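A short worksheet on the structure shown next.
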Amino acid sequence: MTSELTFLIPEIVLFVLTCIILLVDTIGSSEDKSFIYWLSQSTLIVTVVLLVFLCPDSTTHAMSMNFVSDPMGAILKIFICAYTSVVFFYSYDYLKEHELIRGEYFVLGLFAVLGMMVMVSAYSLLTIYLGLELLSLSLYAMVAMNRDSQSATEAAMKYFVLGALASGMLLYGISMLYGVSGAIDLASLSAYISQQTGNNILLIFGLVFVVVGIAFKLGAVPFHMWVPDVYQGAPTSVTLFIGSAPKIAAFGMAIRLLVDGMEGLVDSWQGMLIILAVLSMAAGNIIAISQTNIKRMLAYSTIAHIGFLLLGIISGSQSGYAGSMFYVLTYALMSMGAFGMVILLGRKGYEADTLDDFKGLAVRSPWFAFIMLILMFSMAGVPPLVGFWGKWFVIKEIIAMGHISLAAIAVLFSVIGAYYYLRIVKLMYFDKADQMTAIKAGQGMRFVLSINGLALLALGFMPGMLMALCLGAFA
Amino acid sequence: MIEIVYELIRNGLLQPLVSMLVPAAIEVQALYMLEILVKILAILIPVLFVVAYITYVERKVIGFIQGRIGPNRVGVFGLSVWGLGQPIADALKVIFKEIIIPSGSNKFLFIIAPVLSFAPSLAAWAVIPFSDTLVLADINAGLLYILALTSLAVYGVIIAGWASNSKYAFLGAMRSAAQIVSYEIAMGFALAGVLIAAGSLNLGDIVMAQDGSIIHWFWLPLFPLYVVYFISGVAETNRAPFDVAEGESEIVAGFHVEYSGMAFSIFFMAEYANMIMIAVLTSLLFCGGWLSPFQGIPVLGEPSIIWLLMKISFFLFLFLWFRATFPRYRYDQIMRLGWKVFIPITMVWVVVVAVLVVAQVGPWFN
Amino acid sequence: MIEQIVFYCFAAMLIFSAGMVVSMRNPVVSVLFLVLSFFSCAAIWLLLQAEFLAIVLILVYVGAVMVLFLFVVMMLDINMTVLREGFVKFLPVGIGVAVLMLISMGLIVGSSQFDIAAVASVAQHDPGYSNTKELGLALYTNYLYPFEIAGIILLVAIIAAISLTMRKPRTHKTPKPEKQVSVKRKDRVRLVKMKAEKE
């Protein structure tokens with residue numbers, strides 16, 4: 001028991017430190033939240049350090065098969081914490097500018113991180129569900145944090161109702177799986193499935209609901225309705241958060257459920273995922289074209305990217321999963337950068353969330369126009385940026401598995417998608433600015449955002465290292 | 001003593017009755033059912049009698065505290081024995097009064113509300129032990145059962161308030177609902193402390209875990225829980241000083257303002273039955289139930305139901321004493337006391353109790 | 001035999017009250033039917049000898065959750081006629097979909113699909129067996145990790161609820177007794193000399 005707890009040290013430390021932050025925030029009721037902010041950042045850093053130190057090179061189960069410690073989980077957790085740290089960095093200025101700064105933002109964010117960590121290293125249906133709930137509950141509250149904003153409240157309500165529905169679906173599927181197999185941990189479940197010879201209709205029935213639950217959480221079409229509204233309505237700092245780390249966690253959840261738990265049913269879930277992926281790529285890319293709000297446009301772009309992400313899982317091979325993992329890790333980085341840009345352009349009492357706000361950015365600030373250019377090109381998949389490699393890896397795997405037509409569809413839609421990314425570039429470089437106010441963001445924000453953009457460039461030139469890491473996770 | 005009487009009744013009355021009336025095939029079952037019925041009556045009749053007379057005692061006690069005499073006119077057979085006939089006269093009066101159902105009210109719920117508030121307080125008696133052998137249903141989860149049933153009493157109040165279609169009644173119901181739910185948490189935590197100390201949910205076992213003289217009882221190691229439990233009990237039963245649900249001076253009579261006749265009097269009886277219940281539970285859980293405070297001394301140290309009755313009477317007297325002494329709490333004060341004082345106290349003390357039990361601190365836990 | 005009769009009685013009551021929950025016009029009555037269905041459910045659990053769960057169901061759901069529910073429903077003035085607009089119009093479609101769903105559900109998740117025989121019947125225990133103790137042991141050993149996470153979820157729920165509802169503390173207008181006591185007559189009362197006036 002004691003030795004089992006060593007696997008859980010990062011989670012336990014994160015939880016204890018978060019509780020301490022909560023207490024500090026409650027007791028020291030000062031208006032200045034910078035102390036809370038720095039405590040939260042150090043908590044994340046401590047967790048990352050612990051995760052790196054305790055990074056396992058083999059798979060071990062702990063806590064009565066409720067917890068798994070493996071390289072994939074560890075890498076995902078490291079990225080979740082690191083990205084959240086960047087998210088907090090971007091958010092801090094935004095929250096201060098818009099007078100939304102409250103200790104709860106950071107506390108709930110840390111609890112969400114805990115939920116994500118539980119999710120990606122869960123090894124029983126029960127823990128997966130609980131981790132998901134912990135994450136979702138924190139996110140609902142964060143979206144609703146700006147109570148005086150009508151749109152934020154509406155977004156929170158939609159998110160909550162649809163999220164609860166999705167959790168219900170997932171839970172229903174889980175209960176079916178449990179009812180059939182009598183197994184709550186993934187090892188027994190996959191053992192049960194591998195024993196099945198015929199086509200067990202009840203297992204498929206449970207699987208359908210589980211896939212629906214995953215699709216809801218990832219935001220894949222046709223379960224994407226919440227994504228645009230939540231992205232647009234929530235405060236940008238929260239949208240930024242929702243768009244980054246939780247996607248990684250949702251990927252982890254999908255791998256745990258579909259691969260670790262139900263790899264025996266791969267023929268069944270492949271078909272479902274293909275439908276989801278094609279619809280997501282189509283709807284996401286086409287609807288994004290008509291958007292005038294950048295947060296909404298990025299929401300549809302997320303949906304399209306989720307379609308690509310699913311392609312890697314569809315391929316059903318180790319390298320395919322690795323490709324998906326590479327995709328989600330780099331996508332989260334791009335998404336963070338893009339929303340960071342929205343935050344950068346905004347100022348007190350003003351959200352720079354329409355496309356027009358990007359007009360003539362090249363004149364106002366050539367450097368950040370260049371960073372945005374990198375972000376957009378990367379999202380569109382222009383070589384040699386990292387977005388290109390993500391698409392390349394998953395499409396390569398799909399072709400290797402023989403799904404040529406699927407690959408063709410993916411390429412077609414990514415070409416369509418390039419239109420609206422390039423439109424932003426056009427707005428920045430060729431249109432005249434409506435306003436010439438200088439960008440006011442602080443030095444730190446400028447610095448981190450620049451690093452974020454340049455990282456995409458750097459990873460684009462040498463994707464091999466990250467890819468090797470992802471392949472290692474699934475070896 | 002009681003056992004002997006019961007044997008007499010069983011062998012002399014029930015046995016012949018059953019063999020006379022039912023076929024031999026199901027005689028055993030029939031006797032069993034009849035026995036349970038008799039036991040229920042043996043508990044309920046005294047309870048109802050006490051409920052009736054505690055109203056009389058209340059008026060007398062508060063009268064004396066306030067320098068008055070209290071009821072002294074209605075006697076028995078023409079003899080004015082300190083007004084002892086008063087409860088019977090009152091009962092006759094309410095039985096013959098009309099039950100007025102307000103227009104626009106929900107008739108079914110209006111009628112059923114008093115029943116809902118009275119029934120749980122009677123049903124809870126099923127698991128109350130009166131001595132180590134005298135108990136109707138000796139179930140494992142007795143404490144939980146009691147907690148569940150006391151939490152149901154609030155329905156009668158809420159439904160009455162809503163079904164009356166009256167603003168005062170509704171306000172009373174709202175106040176009462178919030179208050180009862182809040183105090184139930186503190187009460188639950190206090191009971192959790194008892195559970196940890198005794199290591200059992202069975203009420204008989206809890207009493208036996210306190211075996212010993214007065215210093216062995218749980219009131220000493222669990223003192224904060226004991227105080228919190230009793231005060232929460234006062235709040236649960238909507239008694240003064242927590243009687244904002246009735247609040248005569250502001251919302252006339254709260255949730256039962258529209259009730260008359262027997263329907264009203266059932267609410268009244270429910271309140272007193274709940275009071276007795278809380279007194280019984282406090283005696284059982286914290287004050288050693290039927291155990292003697294002088295254990296070890298011959299004769300005086302014998303466990304007996306008389307000790308239990310004395311303890312119950314003491315706590316009932318406290319209820320009356322409170323009512324005569326304290327002014328009514330303001331609503332926000334009630335909430336503050338429940339959430340910010342009682343719940344933290346109980347939470348801390350539950351941990352302390354756990355430590356005491358693990359460390360086997362004497363003379364209670366070794 | 002008697003157990004079966006009791007089971008079917010409570011099962012029927014459960015289905016009946018659950019149906020009434022959705023079909024009653026008055027939301028308060030719906031909530032009360034929900035309470036009844038919880039009771040029936042608890043009774044069925046008792047038949048399975050799960051006395052702890054049964055009582056906790058009543059204690060938590062009926063004793064606390066439903067009271068708050070009732071509290072809210074009574075406060076809301078729900079106009080059911082507006083909610084029910086178009087009920088008749090969409091009824092045929094609704095019934096059609098419901099029947100289809102029912103048939104497909106029956107085919108897929110009917111009892112024939114589950115291997116009922118493989119599920120062990122409820123183990124009979126002697127009277128001294130404590131359900132509560134077994135449950136506690138399971139929760140704090142095999143299921144410790146999920147149990148603790150569930151606790152954290154509740155903590156987050158509390159934080160979320162408080163942070164979404166609590167505004168900055170109001171400035172209370174509380175009387176300050178020490179100031180009241182220390183007031184001197186000359187601070188409050190000013191005696192003015194006046195000549196007597198005649199009308």
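Residues are named by chain letter and number: chains run A, B, ... in the order of the structure tokens, numbers start at 1 in each chain, and ligands are numbered from 1 in the order shown.
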As a JSON list (two decimals) with C-alpha atoms, in the first residue's frame, could you give me every residue of chain C near chain B (at most 12 Å apart, counting only C-alpha atoms)?
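selection_23.json written:
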```json
[["chain", "number", "residue", "atom", "x", "y", "z"],
["C", 26, "ASN", "CA", -48.58, 19.98, -10.33],
["C", 28, "VAL", "CA", -45.11, 19.82, -6.06],
["C", 29, "VAL", "CA", -47.16, 16.65, -6.35],
["C", 31, "VAL", "CA", -41.86, 15.83, -6.22],
["C", 32, "LEU", "CA", -43.93, 14.06, -3.60],
["C", 35, "VAL", "CA", -40.34, 10.76, -2.64],
["C", 39, "PHE", "CA", -39.37, 4.80, -0.56],
["C", 42, "ALA", "CA", -35.52, 1.60, -0.47],
["C", 46, "LEU", "CA", -34.21, -3.96, 2.03],
["C", 49, "GLN", "CA", -30.64, -7.23, 2.61],
["C", 50, "ALA", "CA", -28.91, -3.97, 1.76],
["C", 51, "GLU", "CA", -30.28, -2.22, 4.82],
["C", 52, "PHE", "CA", -27.54, 0.36, 4.98],
["C", 53, "LEU", "CA", -28.10, 1.55, 1.42],
["C", 54, "ALA", "CA", -31.85, 1.52, 1.87],
["C", 55, "ILE", "CA", -31.77, 3.68, 4.96],
["C", 56, "VAL", "CA", -29.14, 5.99, 3.54],
["C", 57, "LEU", "CA", -31.27, 6.44, 0.44],
["C", 58, "ILE", "CA", -34.10, 7.66, 2.62],
["C", 59, "LEU", "CA", -31.84, 9.69, 4.87],
["C", 60, "VAL", "CA", -29.99, 11.49, 2.08],
["C", 61, "TYR", "CA", -32.47, 11.71, -0.76],
["C", 62, "VAL", "CA", -35.78, 11.89, 1.03],
["C", 63, "GLY", "CA", -34.54, 13.60, 4.17],
["C", 64, "ALA", "CA", -32.31, 16.22, 2.59],
["C", 65, "VAL", "CA", -32.20, 16.38, -1.20],
["C", 66, "MET", "CA", -35.91, 16.20, -1.82],
["C", 67, "VAL", "CA", -36.62, 18.73, 0.91],
["C", 68, "LEU", "CA", -34.44, 21.24, -0.92],
["C", 69, "PHE", "CA", -36.08, 20.22, -4.16],
["C", 70, "LEU", "CA", -39.50, 20.82, -2.70],
["C", 71, "PHE", "CA", -38.25, 24.09, -1.33],
["C", 72, "VAL", "CA", -37.25, 25.27, -4.81],
["C", 73, "VAL", "CA", -40.30, 23.90, -6.61],
["C", 74, "MET", "CA", -42.64, 25.59, -4.17],
["C", 75, "MET", "CA", -40.90, 28.91, -4.63],
["C", 126, "ASP", "CA", -26.84, -14.67, 9.43],
["C", 127, "PRO", "CA", -28.45, -11.91, 11.52],
["C", 128, "GLY", "CA", -25.11, -10.81, 12.97],
["C", 129, "TYR", "CA", -23.78, -9.87, 9.53],
["C", 130, "SER", "CA", -23.23, -6.14, 9.25],
["C", 131, "ASN", "CA", -23.84, -4.68, 5.86],
["C", 132, "THR", "CA", -22.48, -1.34, 7.01],
["C", 133, "LYS", "CA", -19.18, -2.82, 8.07]]
```
Taking only C-alpha atoms into account, produce a table as a tab-separated table in which each residue of chain A with an atom at most 7 Å from an atom of chain C appears once, together with its shortest atom pair and the distance in Å to one decimal, ordered by chain and rising number.
```
residue	atom	partner	partner_atom	distance
A:Met63	CA	C:Tyr145	CA	6.4
A:Ser64	CA	C:Asn142	CA	5.4
A:Asn66	CA	C:Tyr145	CA	7.0
A:Glu104	CA	C:Ser163	CA	6.9
A:Leu126	CA	C:Pro146	CA	6.9
A:Thr127	CA	C:Pro146	CA	5.6
A:Leu130	CA	C:Ala150	CA	6.6
A:Leu134	CA	C:Ile153	CA	5.2
A:Leu137	CA	C:Ala157	CA	7.0
A:Ser138	CA	C:Val156	CA	6.7
A:Ala141	CA	C:Ala160	CA	5.4
A:Met145	CA	C:Leu164	CA	6.4
A:Val180	CA	C:Phe114	CA	6.6
A:Ile201	CA	C:Ile108	CA	6.9
A:Leu202	CA	C:Ile108	CA	6.5
```
request  = Among the residues of stretch 52-191 of chain C, find those DSSP assigns to alpha helix (DSSP H) from the backbone and print them as a VMD selection string.
outcome  = chain C and resid 52 to 56 66 to 75 80 to 83 87 to 109 131 to 140 144 to 165 177 to 181 185 to 188
request  = Find the residues near stretch 412-425 of chain A: any atom within 9 Å, counting only C-alpha atoms, skip ones fewer than 5 places away on the same chain, and give them as a list of chain:residue names.
outcome  =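 Listing them by chain and then by number gives A:Met281, A:Ala282, A:Gly284, A:Asn285, A:Ile286, A:Ala288, A:Ile289, A:Ser290, A:Gln291, A:Met297, A:Ser301, A:Ala304, A:Leu355, A:Phe358, A:Lys359, A:Ala369, A:Met372, A:Leu373, A:Met376, A:Phe377, A:Met379, A:Ala380, A:Gly381, A:Val382, A:Lys391, A:Ala407, A:Phe430.
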query = Which neighbours of A:Val52 fall inside 12 Å, counting only C-alpha atoms, when residues of the same chain fewer than 2 positions from it are skipped, and could you give them as number ranges by chain?
reply = A: 9-10, 45-50, 54-57, 71, 73-79, 81-82
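Residues in contact with A:Leu240 at 9 Å, where only C-alpha atoms are counted and same-chain residues fewer than 5 positions away are skipped, are listed as Val87, Tyr90, Ser91, Tyr231, Pro235, Ser335, Met336, Gly337, Ala338, Phe339 and Gly340 of chain A.
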Written file, previous selection with C-alpha atoms, as a PDB file, in the first residue's frame:
```pdb
ATOM      1  CA  VAL A  87      -2.617  29.268 -19.576  1.00  0.00           C
ATOM      2  CA  TYR A  90      -1.875  34.397 -20.150  1.00  0.00           C
ATOM      3  CA  SER A  91      -4.950  34.525 -17.943  1.00  0.00           C
ATOM      4  CA  TYR A 231     -15.907  29.228 -26.595  1.00  0.00           C
ATOM      5  CA  PRO A 235     -14.209  34.748 -20.634  1.00  0.00           C
ATOM      6  CA  SER A 335      -4.790  26.816 -29.658  1.00  0.00           C
ATOM      7  CA  MET A 336      -3.139  28.363 -26.603  1.00  0.00           C
ATOM      8  CA  GLY A 337      -1.153  30.697 -28.812  1.00  0.00           C
ATOM      9  CA  ALA A 338      -4.195  31.767 -30.801  1.00  0.00           C
ATOM     10  CA  PHE A 339      -6.268  32.578 -27.724  1.00  0.00           C
ATOM     11  CA  GLY A 340      -3.235  34.188 -26.166  1.00  0.00           C
TER      12      GLY A 340
END
```
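Atom pair atom CA of A:Ser319 / atom CA of A:Ala455 has a distance of 23.5 Å (rounded to one decimal).
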Between atom CA of A:Ile128 and atom CA of A:Met72, distance in Å (one decimal) =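 Between atom CA of A:Ile128 and atom CA of A:Met72 the gap is 15.5 Å.
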ask   = atom CA of A:Asp434 to atom CA of A:Leu456: how many Å, to one decimal?
value =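 For atom CA of A:Asp434 relative to atom CA of A:Leu456, the distance reads 29.3 Å.
Every protein or nucleic acid residue with an atom no more than 8 Å from stretch 241-251 of chain B, counting only C-alpha atoms and leaving out same-chain residues fewer than 2 positions away, appears here: Tyr168, Ala169, Leu171, Gly172, Ala173, Met174, Arg175, Ser176, Val234, Ala235, Asn238, Arg239, Ala253, Gly254, Phe255, His256, Phe322, Arg323, Phe326, Pro327, Arg328, Tyr329, Arg330, Tyr331 and Ile334 of chain B.
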Generate the output file for the selected residues, N, CA and C atoms, as an mmCIF file, in the first residue's frame.
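File produced: again39.cif:
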```cif
data_model
loop_
_atom_site.group_PDB
_atom_site.id
_atom_site.type_symbol
_atom_site.label_atom_id
_atom_site.label_comp_id
_atom_site.auth_asym_id
_atom_site.auth_seq_id
_atom_site.Cartn_x
_atom_site.Cartn_y
_atom_site.Cartn_z
ATOM 1 N N TYR B 168 -48.779 33.113 5.443
ATOM 2 C CA TYR B 168 -48.146 32.868 6.736
ATOM 3 C C TYR B 168 -47.701 31.417 6.850
ATOM 4 N N ALA B 169 -48.593 30.546 6.418
ATOM 5 C CA ALA B 169 -48.267 29.120 6.503
ATOM 6 C C ALA B 169 -47.057 28.804 5.638
ATOM 7 N N LEU B 171 -44.652 30.849 4.676
ATOM 8 C CA LEU B 171 -43.425 31.383 5.279
ATOM 9 C C LEU B 171 -42.927 30.461 6.382
ATOM 10 N N GLY B 172 -43.866 30.016 7.196
ATOM 11 C CA GLY B 172 -43.487 29.111 8.284
ATOM 12 C C GLY B 172 -42.847 27.848 7.749
ATOM 13 N N ALA B 173 -43.440 27.311 6.672
ATOM 14 C CA ALA B 173 -42.911 26.072 6.102
ATOM 15 C C ALA B 173 -41.498 26.282 5.579
ATOM 16 N N MET B 174 -41.284 27.401 4.905
ATOM 17 C CA MET B 174 -39.953 27.685 4.361
ATOM 18 C C MET B 174 -38.917 27.783 5.473
ATOM 19 N N ARG B 175 -39.278 28.537 6.501
ATOM 20 C CA ARG B 175 -38.343 28.682 7.617
ATOM 21 C C ARG B 175 -38.017 27.332 8.215
ATOM 22 N N SER B 176 -39.053 26.560 8.421
ATOM 23 C CA SER B 176 -38.861 25.282 9.090
ATOM 24 C C SER B 176 -38.007 24.348 8.237
ATOM 25 N N VAL B 234 -33.580 20.293 19.902
ATOM 26 C CA VAL B 234 -34.564 21.347 20.195
ATOM 27 C C VAL B 234 -34.922 22.073 18.907
ATOM 28 N N ALA B 235 -33.909 22.323 18.070
ATOM 29 C CA ALA B 235 -34.158 23.030 16.809
ATOM 30 C C ALA B 235 -34.954 22.150 15.845
ATOM 31 N N ASN B 238 -38.550 22.197 16.340
ATOM 32 C CA ASN B 238 -39.151 23.524 16.235
ATOM 33 C C ASN B 238 -39.639 24.056 17.577
ATOM 34 N N ARG B 239 -38.914 23.743 18.633
ATOM 35 C CA ARG B 239 -39.308 24.213 19.947
ATOM 36 C C ARG B 239 -38.611 25.528 20.242
ATOM 37 N N ALA B 253 -49.121 31.704 13.401
ATOM 38 C CA ALA B 253 -48.762 30.414 13.985
ATOM 39 C C ALA B 253 -48.016 29.587 12.973
ATOM 40 N N GLY B 254 -47.488 30.250 11.949
ATOM 41 C CA GLY B 254 -46.660 29.549 10.981
ATOM 42 C C GLY B 254 -47.424 28.518 10.197
ATOM 43 N N PHE B 255 -46.796 27.362 10.049
ATOM 44 C CA PHE B 255 -47.307 26.393 9.091
ATOM 45 C C PHE B 255 -48.704 25.872 9.415
ATOM 46 N N HIS B 256 -49.106 25.893 10.710
ATOM 47 C CA HIS B 256 -50.430 25.323 10.992
ATOM 48 C C HIS B 256 -51.474 26.395 11.275
ATOM 49 N N PHE B 322 -36.199 25.636 28.792
ATOM 50 C CA PHE B 322 -35.744 26.496 27.682
ATOM 51 C C PHE B 322 -36.851 27.435 27.247
ATOM 52 N N ARG B 323 -38.041 26.858 27.084
ATOM 53 C CA ARG B 323 -39.124 27.648 26.536
ATOM 54 C C ARG B 323 -39.476 28.796 27.467
ATOM 55 N N PHE B 326 -35.694 31.363 27.396
ATOM 56 C CA PHE B 326 -35.000 32.060 26.309
ATOM 57 C C PHE B 326 -35.958 32.795 25.383
ATOM 58 N N PRO B 327 -35.535 33.979 24.921
ATOM 59 C CA PRO B 327 -36.299 34.641 23.868
ATOM 60 C C PRO B 327 -36.032 33.960 22.533
ATOM 61 N N ARG B 328 -36.920 34.156 21.584
ATOM 62 C CA ARG B 328 -36.801 33.474 20.295
ATOM 63 C C ARG B 328 -35.590 33.999 19.519
ATOM 64 N N TYR B 329 -34.885 33.071 18.883
ATOM 65 C CA TYR B 329 -33.754 33.453 18.031
ATOM 66 C C TYR B 329 -34.250 34.179 16.795
ATOM 67 N N ARG B 330 -33.391 35.064 16.265
ATOM 68 C CA ARG B 330 -33.698 35.649 14.964
ATOM 69 C C ARG B 330 -33.281 34.632 13.913
ATOM 70 N N TYR B 331 -33.901 34.715 12.725
ATOM 71 C CA TYR B 331 -33.678 33.662 11.749
ATOM 72 C C TYR B 331 -32.210 33.528 11.336
ATOM 73 N N ILE B 334 -30.176 31.789 13.878
ATOM 74 C CA ILE B 334 -30.349 30.333 13.877
ATOM 75 C C ILE B 334 -29.434 29.703 12.847
#
```
